[in-house]
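Student: Okay, here's the structure, questions in a sec.
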Amino acid sequence: MKRAFTRVALVMCYAGWLAAAGPVLADEAKPLKLNTTADHTKFKELQKEFTSGPEVTKVCLTCHTEAAGQIHRTKHWKWEYLNPQTGQTLGKKTVVNNFCISIASNYASCTSCHVGYGWKDASFDFKSEENVDCLVCHDTTGNYRKPPGFAGNPVVKDTEFPPGSGKIIKGINLSKIAQKIGKTSRDTCGACHFNGGGGDGVKHGDMDTSLAAPTKELDVHMDAEGLDFTCGTCHTSSSHDVAGSRYTPTAQDKQGARIRGKADKGNPATCVACHGNGPHKKEARLNQHATKIACQTCHIPTYARGGIPTKMVWDWSTAGKRDAEGKQITLKDAKGHIIYESRKGDFTLAENVKPEYVWFNGQVTYTLITDKIEKSEQRTPINKLGGSPTDGKSMIWPMKVFRGTQPYDPVNKTLVTPHTAGNDDTGYWKNLDWDKAITVGMKDFGHPFSGKIDFIKTEMSWPITHMVAPKEKALGCAECHSKQSRLAGIPGIYIPVRDNNKLLDTIGWSIVFLTLLGVFGHGALRIVSSRKP
Amino acid sequence: MSERIYVFKRFERFWHWSQAGLIMFLMLTAFDIHGTYTIFGFEKAVAYHTIAAWSLIGLWVFAIFWHFTTGEWKQYIPTTEKVVAMMNYYLFGIFKDAPHPFRLTQLRKHNPLQRLAYLAIMVFVGPLIWVTGVLYLFYANWAAWGLTAVQLEWVATGHIIGAFLMLAFLIAHVYLTTAGHTPLAHIKAMITGWEEVD
C-alpha cells in the first residue's frame with residue numbers, strides 16, 4: 001500500500017517536472033503572470049508622468065469609481081472614531097498620547113501616515129476624492145514614500161528639506177509605482193504601523209520592521225518561508241474597511257471559528273476566528289485555561305523579539321538641554337539607539353520584553369484633552385482598560401505598558417498638546433521653548449491653556465497580539481505556576497503554586513516535623529534502653 | 001521457640017510494594033508541583049504525578065476486588081480491644097523489652113492500632129486525596145458536571161492537607177516496621193509473606 005503510494009507520487013512528480021520543463025504546447029493557456037485580472041502596466045492612462053499624488057488618484061477613480069467613497073468612511077481616512085461602548089470620540093485627530101502627544105498643529109508631519117494628500121491643517125477637505133492616496137496601501141515596488149513634513153504628499157522631484165539644510169529628499173517616479181499597483185502587503189501596512197510613534201518599533205512593541213519578512217520563530221503565521229500571512233490575512237477588509245481595532249478590541253471571542261455562509265458581525269482578526277475556542281487537541285486542560293486567559297498571553301512569550309527595540313519610557317521633562325555651543329544634543333546607547341534627544345527628552349528602550357498582564361474586557365476609555373486630571377503619585381492613564389475577574393467578559397491579556405512624563409497644565413488640570421514638528425519659530429523640536437510650543441499647539445487644537453506648565457506621569461496600555469511564537473515556544477506552566485508568577489497580582493483567580501497558603505504549609509510541615517521528631521525520639525530511646533544490662 | 005506463619009499472600013505483597021513505590025513517587029512529584037523543590041519542574045511533575053495517580057487508581061481497583069473476594073477486608077474492622085495495651089506497649093513496654101501484647105494470626109494480621117491507623121487512612125486521608133485529586137484532574141469538566149459551586153482553592157487546599165497527612169503517615173509507618181522482634185523482621189515478612197511469631 002505504502003509502496004504503491006510512493007510510486008504514484010513519483011509518477012506525479014515526474015509528470016510535474018515534464019510539464020514545467022517541457023515545451024509549452026501551442027493550444028495551452030498562457031501562464032499566469034499575475035494573480036489579478038488586470039495588468040496595470042498595459043493601461044495607457046498610467047503611462048505618463050505624474051507630478052502629484054492626486055493626479056494618480058484621478059486616474060484610478062476612472063475605473064475604481066467607488067473606491068474613494070469607501071475610503072472616506074474609514075478610520076484610515078477620517079482619523080476619527082466614535083466608540084459606541086463609551087460614547088467617546090476618538091481617532092488620531094482627537095486622542096492625546098504619551099509619545100509625540102498629539103497631531104494638532106503638527107499635521108504636515110503626522111499626516112505622512114494619512115491615506116490622503118495635503119492634510120496640512122484643520123482646513124483639510126475630507127470630501128475630496130482625488131486626495132485619497134491609493135498608492136500608499138497598494139504600492140508593490142517598495143519605492144513609494146511620504147516623508148514627514150509634506151502633509152502626506154510624496155516628493156516627485158529632488159527637494160531640499162528642511163529648506164536650507166542641505167539634505168536632499170530624492171523624488172520618486174509615480175508612474176512606475178502606479179503601473180505596478182497590487183494588493184496590500186506587510187510592507188505597505190508596515191510603512192506606517194511598524195513605525196508608529198516616530199520610528200521602527202517605537203510604539204506597539206509587537207509590530208516593527210522585523211515583521212516585514214519574519215522567521216517562524218518571530219511570527220508563526222507571518223513566517224515568510226512558511227504560512228506567509230500578510231496583515232490582510234487576519235485583518236480582512238470589506239469595502240476598504242479593515243477589521244480590527246485598538247479602540248474597541250475584542251477581548252473575548254465567544255463565537256468560535258468562523259464558517260463561510262454563517263452570519264457574523266464579529267471581528268475576523270481574533271485568534272478564535274480561525275482556531276475556535278478549543279484549539280488544544282492534546283491537553284484539554286489548556287482549553288480550560290483558554291476560557292480565562294487570552295491566547296496571546298501564553299503564545300506571545302515576549303514582544304520586540306525581532307531584534308528591534310521598542311520604547312518603554314519617554315520622559316519629556318528632561319528635554320531642552322543644549323551643549324556648550326548651544327546646539328541640540330543626541331545621546332545613543334551601545335547599540336546606536338537614541339536614548340536622549342534635546343527635542344524629545346530621555347528614552348528607555350527594550351527588546352524581548354515580558355508583557356504586563358491585566359484582566360481586560362475590551363473596553364478602553366481615553367483621557368482626552370477635555371478631561372480634568374489630578375497630579376498624584378499614581379500615573380495618569382492615557383487609556384484606561386476595563387476588566388475584572390467577575391464581569392464574565394474579561395480575559396487575562398498581555399500588555400505593553402508605555403510610561404511617560406509629559407507636559408500638562410496645572411491650572412486647567414488637563415494634558416496639553418505642544419506644537420512639536422515644523423520648521424517655524426514655535427515648533428518645540430526646533431526651538432526648545434515649551435511656552436511657545438504649547439500655546440500654539442493648544443490654540444490650534446481649540447482648547448484653553450493657562451500658560452503654566454508642569455509635567456505629569458502617564459501610562460498607556462497596548463494590547464500585545466502580534467509576534468505569535470510557534471507552539472513549542474509558548475509559555476511553560478511554571479511561568480505562571482510559580483512563586484515568581486508572571487500573573488503575580490492578577491486578582492480573582494486561584495493559581496496553584498502562586499497562591500500556596502503559607503499557613504497551610506506551616507501547619508503541614510509542622511505535622512511532618514513533629515512526626516519525624518517523635519519517630520527519632522522513640523527510636524533513640526529504644527536504642528538507649530536496649531543497651532542497659 | 002518461635003513459629004512462622006504465612007500472613008501476606010502474593011497479591012497482597014505485590015499490592016503493598018507497588019503501592020508503596022507509587023505513593024513515594026507521588027510524594028516526590030507532589031512537592032515538586034507544590035514548589036517545595038525542583039526535580040522535574042512543574043510541567044513534567046504534573047504529567048508524572050497524573051500517570052502515577054492513574055496507575056494507583058488501577059491498582060486499587062484490583063486491591064478492592066481482592067479484598068472483597070477473599071474476605072480480607074475484615075482485617076480492617078476496627079476494634080477497641082487491646083488498643084490501650086498497644087499504646088502502653090509503644091509508650092513504655094517497648095523500652096523494657098516487655099512482651100508484645102498482640103499475637104498475630106492469619107485472621108488478625110494487624111494489631112489494633114494498625115487497624116485503626118489503616119482504617120483512618122482508608123476512610124479519611126485516602127478519599128480526601130482521591131476526591132480532590134480527581135476533581136483537580138477534571139477541572140475542565142466541572143462546568144459540564146454542574147459543579148459550579150466548587151472552588152479550585154478548596155480542592156487544592158484539601159489535596160495539600162491530604163498530602164501532608166499521607167507524608168506523616170508514611171514516616172510513622174516506615175518507622176514502625178522496625179518495631180518487630182528484630183528491626184527488619186516486619187520488612188522481611190512483607191517481602192516473603194512469612195512472619196515469625198513467639
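Labels for the C-alpha cells follow display order: chains A, B, ..., residues from 1 in each chain, ligands from 1.
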Would you mind listing, as an NGL selection string, all residues of chain A that have at least one atom within 10 Å of chain B, where only C-alpha atoms are what counts?

Tutor: :A and (284-289 or 291 or 476-479 or 481-483 or 493-501 or 504-505 or 507-516 or 518-520 or 522-523 or 525-530 or 532)

Student: Need the shell around region 442-448 of chain A: protein/DNA/RNA residues with any atom at most 7 Å away, counting only C-alpha atoms. Skip same-chain ones fewer than 2 positions apart. Format as number ranges by chain?

Tutor: A: 104-105, 416-418, 438-440, 450

Student: Can those selected residues be exported to a file as an mmCIF file, in the first residue's frame so that it contains C-alpha atoms?

Tutor:
data_model
loop_
_atom_site.group_PDB
_atom_site.id
_atom_site.type_symbol
_atom_site.label_atom_id
_atom_site.label_comp_id
_atom_site.auth_asym_id
_atom_site.auth_seq_id
_atom_site.Cartn_x
_atom_site.Cartn_y
_atom_site.Cartn_z
ATOM 1 C CA ALA A 104 -2.853 69.059 16.481
ATOM 2 C CA SER A 105 -0.674 71.756 14.928
ATOM 3 C CA VAL A 416 -1.535 69.747 26.767
ATOM 4 C CA THR A 417 -0.618 69.342 23.115
ATOM 5 C CA PRO A 418 2.611 71.065 22.148
ATOM 6 C CA ILE A 438 2.169 74.621 23.947
ATOM 7 C CA THR A 439 0.480 77.987 23.372
ATOM 8 C CA VAL A 440 0.440 77.407 19.621
ATOM 9 C CA SER A 450 -3.294 78.747 31.306
#

Student: If we count only C-alpha atoms and set the cut-off at 8 Å, which residues sit around Ile329 (chain A), ignoring sequence neighbours fewer than 4 positions away in its own chain? Please answer as a PyMOL selection string.

Tutor: chain A and resi 321-323+340-342

Student: For region 73-90 of chain A, find every residue with an atom within 8 Å (counting only C-alpha atoms), except residues of its own chain fewer than 2 positions away, and show them as a VMD selection string.

Tutor: chain A and resid 69 to 71 92 to 95 114 to 116 126 132 240 to 241 247 to 248 363 to 366

Student: Just to confirm, what's the straight-line distance from CA of Trp60 (chain B) to CA of Glu196 (chain B) in Å (one decimal)?

Tutor: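 CA of Glu196 (chain B) lies at a distance of 28.3 Å from CA of Trp60 (chain B).
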
Student: Can you measure CA of Pro381 (chain A) to CA of Thr458 (chain A) for me? One decimal in Å is fine.

Tutor: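 Computing it gives 5.6 Å between the two atoms.
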
Student: So which one's closest to Leu211 (chain A), A:Ile490, A:Ile181, A:Ile308, A:Val59? Using only C-alpha atoms, please.

Tutor: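 For Leu211 (chain A), the nearest of the given residues is A:Ile308.
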
Student: Using only C-alpha atoms, find the one residue out of A:Gly422, A:Gly171, A:Pro309, A:Gly345 that sits nearest to Asp206 (chain A).

Tutor: A:Pro309

Student: Apply DSSP to the structure's backbone, then extract all residues of chain B labelled helix (DSSP H, G or I) and return them as a ChimeraX atom specification.

Tutor: /B:10-33,42-70,72-76,83-91,93-96,112-137,139-145,152-179,185-192

Student: If you count only C-alpha atoms, which residues fall within 12 Å of Tyr48 (chain B), apart from same-chain ones fewer than 4 positions away, as a VMD selection string?

Tutor: chain B and resid 22 25 to 30 32 to 33 39 to 44 52 to 55

Student: Keeping only C-alpha atoms, write the selected residues as a compact mmCIF listing (two decimals), in the first residue's frame.

Tutor:
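File part_30.txt, as written:
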# COMPACT_ATOMS: atom_id res chain seq x y z
CA LEU B 22 3.72 4.76 43.64
CA PHE B 25 6.80 8.75 43.67
CA LEU B 26 3.54 10.69 44.06
CA MET B 27 5.03 12.39 47.14
CA LEU B 28 8.19 13.23 45.26
CA THR B 29 6.29 14.78 42.35
CA ALA B 30 3.66 16.34 44.64
CA ASP B 32 7.83 19.34 43.15
CA ILE B 33 4.49 20.61 41.82
CA ILE B 39 13.44 17.98 40.38
CA PHE B 40 11.30 17.56 37.28
CA GLY B 41 9.82 21.06 37.26
CA PHE B 42 6.09 21.86 37.46
CA GLU B 43 5.12 20.77 33.96
CA LYS B 44 6.79 17.33 33.96
CA ALA B 52 1.27 7.66 38.83
CA ALA B 53 -2.17 8.63 40.14
CA TRP B 54 -3.98 6.72 37.40
CA SER B 55 -1.69 3.74 37.99

Student: Applying 9 Å and only C-alpha atoms, which residues near region 182-185 of chain B remain after dropping the ones on its own chain fewer than 5 positions away? List them as a list in words.

Tutor: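 Skipping anything fewer than 5 positions along the chain leaves Thr177, Met190, Glu195 and Glu196 of chain B.
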
Student: Please, could you write that set of residues out with C-alpha atoms as a tab-separated table (two decimals), in the first residue's frame?

Tutor:
chain	number	residue	atom	x	y	z
B	177	THR	CA	8.31	-1.51	60.58
B	190	MET	CA	6.24	-8.05	53.85
B	195	GLU	CA	6.20	-13.57	59.87
B	196	GLU	CA	7.97	-15.11	62.84

Student: Pull the strand (DSSP E) assignments for region 131-376 of chain A out of DSSP run on the backbone, and list those residues as a VMD selection string.

Tutor: chain A and resid 159 to 160 168 to 169 237 to 238 241 to 242 310 to 315 330 to 332 338 to 341 345 to 350 356 to 360 364 to 366

Student: Save the residues we just selected, N, CA and C atoms, as a compact mmCIF listing (two decimals), in the first residue's frame?

Tutor:
# COMPACT_ATOMS: atom_id res chain seq x y z
N THR A 159 14.24 67.34 -3.65
CA THR A 159 13.87 68.54 -2.89
C THR A 159 14.74 68.64 -1.65
N GLU A 160 15.23 69.87 -1.41
CA GLU A 160 16.00 70.08 -0.19
C GLU A 160 15.02 70.26 0.97
N ILE A 168 18.85 66.34 0.88
CA ILE A 168 18.01 66.22 -0.32
C ILE A 168 17.12 64.98 -0.20
N ILE A 169 15.81 65.17 -0.37
CA ILE A 169 14.90 64.03 -0.48
C ILE A 169 14.74 63.72 -1.95
N SER A 237 -10.67 42.86 4.89
CA SER A 237 -11.33 44.13 4.64
C SER A 237 -12.52 43.92 3.72
N SER A 238 -13.45 44.82 3.89
CA SER A 238 -14.64 44.82 3.06
C SER A 238 -14.91 46.28 2.72
N ASP A 241 -12.73 48.82 4.30
CA ASP A 241 -12.73 48.99 5.75
C ASP A 241 -12.01 47.78 6.34
N VAL A 242 -10.95 48.05 7.06
CA VAL A 242 -10.09 46.97 7.56
C VAL A 242 -10.52 46.58 8.97
N THR A 310 11.84 48.36 21.39
CA THR A 310 10.67 49.22 21.44
C THR A 310 10.86 50.20 22.59
N LYS A 311 10.17 51.32 22.48
CA LYS A 311 10.31 52.35 23.50
C LYS A 311 9.43 51.98 24.69
N MET A 312 9.99 52.02 25.90
CA MET A 312 9.24 51.66 27.09
C MET A 312 8.91 52.88 27.94
N VAL A 313 9.82 53.84 27.94
CA VAL A 313 9.64 55.04 28.77
C VAL A 313 10.08 56.25 27.95
N TRP A 314 9.32 57.31 28.06
CA TRP A 314 9.65 58.57 27.39
C TRP A 314 9.45 59.69 28.39
N ASP A 315 10.55 60.36 28.75
CA ASP A 315 10.47 61.44 29.74
C ASP A 315 10.69 62.78 29.04
N THR A 330 22.24 64.75 21.11
CA THR A 330 21.68 63.42 20.88
C THR A 330 22.61 62.41 21.53
N LEU A 331 22.06 61.57 22.42
CA LEU A 331 22.88 60.52 23.04
C LEU A 331 22.37 59.16 22.57
N LYS A 332 23.33 58.24 22.33
CA LYS A 332 22.95 56.91 21.87
C LYS A 332 23.49 55.85 22.82
N ILE A 338 18.96 55.82 19.94
CA ILE A 338 18.91 57.10 20.64
C ILE A 338 18.25 56.94 22.00
N ILE A 339 18.93 57.45 23.04
CA ILE A 339 18.35 57.39 24.39
C ILE A 339 18.12 58.79 24.97
N TYR A 340 18.67 59.80 24.33
CA TYR A 340 18.32 61.17 24.72
C TYR A 340 18.39 62.07 23.50
N GLU A 341 17.40 62.94 23.38
CA GLU A 341 17.42 63.98 22.37
C GLU A 341 16.95 65.26 23.04
N GLY A 345 13.70 64.48 24.95
CA GLY A 345 13.93 64.02 26.33
C GLY A 345 14.55 62.63 26.36
N ASP A 346 14.41 61.97 27.53
CA ASP A 346 15.03 60.66 27.74
C ASP A 346 14.12 59.53 27.29
N PHE A 347 14.77 58.49 26.75
CA PHE A 347 14.03 57.28 26.35
C PHE A 347 14.62 56.07 27.06
N THR A 348 13.78 55.11 27.36
CA THR A 348 14.27 53.78 27.73
C THR A 348 13.77 52.82 26.69
N LEU A 349 14.68 52.03 26.15
CA LEU A 349 14.31 51.07 25.12
C LEU A 349 14.48 49.66 25.66
N ALA A 350 13.79 48.71 25.06
CA ALA A 350 13.96 47.31 25.49
C ALA A 350 13.60 46.35 24.37
N GLU A 356 3.16 42.95 30.63
CA GLU A 356 2.44 43.00 31.90
C GLU A 356 1.04 42.46 31.62
N TYR A 357 0.39 41.94 32.66
CA TYR A 357 -0.88 41.26 32.41
C TYR A 357 -2.02 41.89 33.21
N VAL A 358 -3.19 41.95 32.57
CA VAL A 358 -4.37 42.52 33.24
C VAL A 358 -5.63 41.79 32.79
N TRP A 359 -6.64 41.86 33.63
CA TRP A 359 -7.98 41.46 33.20
C TRP A 359 -8.48 42.54 32.25
N PHE A 360 -8.94 42.14 31.08
CA PHE A 360 -9.33 43.13 30.08
C PHE A 360 -10.59 42.66 29.37
N VAL A 364 -12.03 50.40 26.38
CA VAL A 364 -10.90 51.31 26.58
C VAL A 364 -11.44 52.73 26.70
N THR A 365 -11.09 53.40 27.78
CA THR A 365 -11.54 54.77 27.98
C THR A 365 -10.32 55.69 27.96
N TYR A 366 -10.35 56.65 27.09
CA TYR A 366 -9.20 57.54 26.95
C TYR A 366 -9.32 58.76 27.85

Student: Residues of region 472-492 of chain A that have any atom at most 12 Å from an atom of region 214-220 of chain A: could you tabulate them with the shortest-distance atom pair and the distance in Å to one decimal, using only C-alpha atoms, ordered by chain and increasing number, as CSV?

Tutor:
residue,atom,partner,partner_atom,distance
A:Glu472,CA,A:Glu217,CA,9.6
A:Lys473,CA,A:Glu217,CA,8.1
A:Ala474,CA,A:Glu217,CA,10.7
